[in-house]
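A.B. asks: Just dropping this structure here.
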Amino acid sequence: MVAEQGCIQEPSCKGIYRLLEYCAAEEAVSPLSSDARLECLEAQNSLQHYRPLQVCKCQRGSRREDHCLKVYWTVRFSAYDEYDVSPYEELKLNLVRNIEVSRMASIMAASSVVVDGQNQCLKAAQDCGLYEKCGSLRSEYVVACTKRATATDNSCNRQKCHKALRRFLERVPEEYSFALLFCPCSDTLCGERRRKTIVPSCSFEENARGEERVGKPNCLSLQSYCSRDELCRSRFADFQHNCLPSSLSASGCMRESRAMCLKAYTGLIGTIMTPNYVSNSSTEVSQWCTCEGSGNELQGCQRIQHLFSNNICLRNAISSMGISAPPPVEHTPVPVSQPSPRVFQERVHVSVNTLPEFNSDLIMGPKWIKGRTQEKKKNKERNKERWLEGRSKGRTQRKYI
């Protein structure tokens, strides 16, 4: 956005940039005519001399992310369908590796206390409930994704669902969100909870019409819709950039960072191209789309599918969540484990291998969560004293009646 302001202050740059804004807005609605497209491409070439706009990047999850992405794609008008470069700022390689090791250690440490046969996805949900921010934001997206759009319509408000999912994933620390999304499972009940974490019936599956559910869309159509939305297009480009597979790499990733691949993958959740697990008994993931009816574009369609179903980098990144934690970086302490207290498990009366119905207490966690402010404790004591005082007065009155 700094680059945009600098361009606007220069009259020669401002006129070209405003024209490209118009080009991008019109292209998002419908394809431009050949003459209009030629004029837009000439404007883009004329703007090549303004270097700041050509090299600027965006921060994912920032308050003005949408505006920054709009600027990024405006000056790349001809790269409308290109996804080989991420529009997001890149961390230095050594910093990425340090973050990757410490994050993975934190995530695994958060679930280090394991009971034989325990449903790890249920435990991850309970641990999320113990952390106030995680519990409240998870409750927020569950409500948004399960609430009916209208009293007479069984469909949900997918836009609100997507927004709430993105808010959860952007604001909750990854040791909690990753534990929910990638918890290791050894049975179908655990796998079902994992697959339903992002409420697939609303977040990506087509709404039902009457008694019949609408079939999957074509993958090319799905990508086409994604390309018209700056956020979806950016997250998809970031995913391809950070999850690029390589058979020559030990991690399976060209960029040698499984953690960055997982972060890019989760960035797609809450967009038009929200991915998910294909079943309750597998760690394979895919898009909710098909290649039927692709005609002579079948290979292009299958390429989209294989980005998820046949991607060694993504597969290894997800599988690594079920492996013991790597040694922490020097001078980087491993966070203390936060197992769910036994009293909470007894309170909700849930077996470790049972998938309960939606319960706000399970998401928000117990009301006596450790770490509440001293003010809340004082209020609780005052309320208790008032209650005891009122009860004592009531008994005195009955005594003299």
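A note on labels: chains of the structure tokens are A, B, ... as shown, every chain counts residues from 1, and ligands are counted from 1 in their shown order.
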Using only C-alpha atoms, which protein or nucleic acid residues come within 12 Å of range 28-37 of chain A? Drop anything in the same chain fewer than 6 positions from it, and give the result as JSON, numbers by chain.
C.D. replies: {"A": [19, 20, 21, 22, 43, 44, 70, 73, 74, 77, 78, 80, 81, 224, 225, 226, 227, 228, 229, 230, 233]}
A.B. asks: Measure the distance from CA of Arg64 in chain A to CA of Tyr88 in chain A in Å and round it to one decimal.
C.D. replies: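 Separation of CA of Arg64 in chain A and CA of Tyr88 in chain A: 12.8 Å.
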A.B. asks: Nearest residue to Cys219 in chain A out of A:Cys56, A:Cys313, A:Ile304, A:Leu38, using only C-alpha atoms?
C.D. replies: A:Ile304
A.B. asks: Which residue is closest to Leu69 in chain A? Choose from A:Leu53, A:Ile8, A:Leu165, A:Ala149 and count only C-alpha atoms.
C.D. replies: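 Answer, going by the shortest atom-to-atom distance: A:Leu53.
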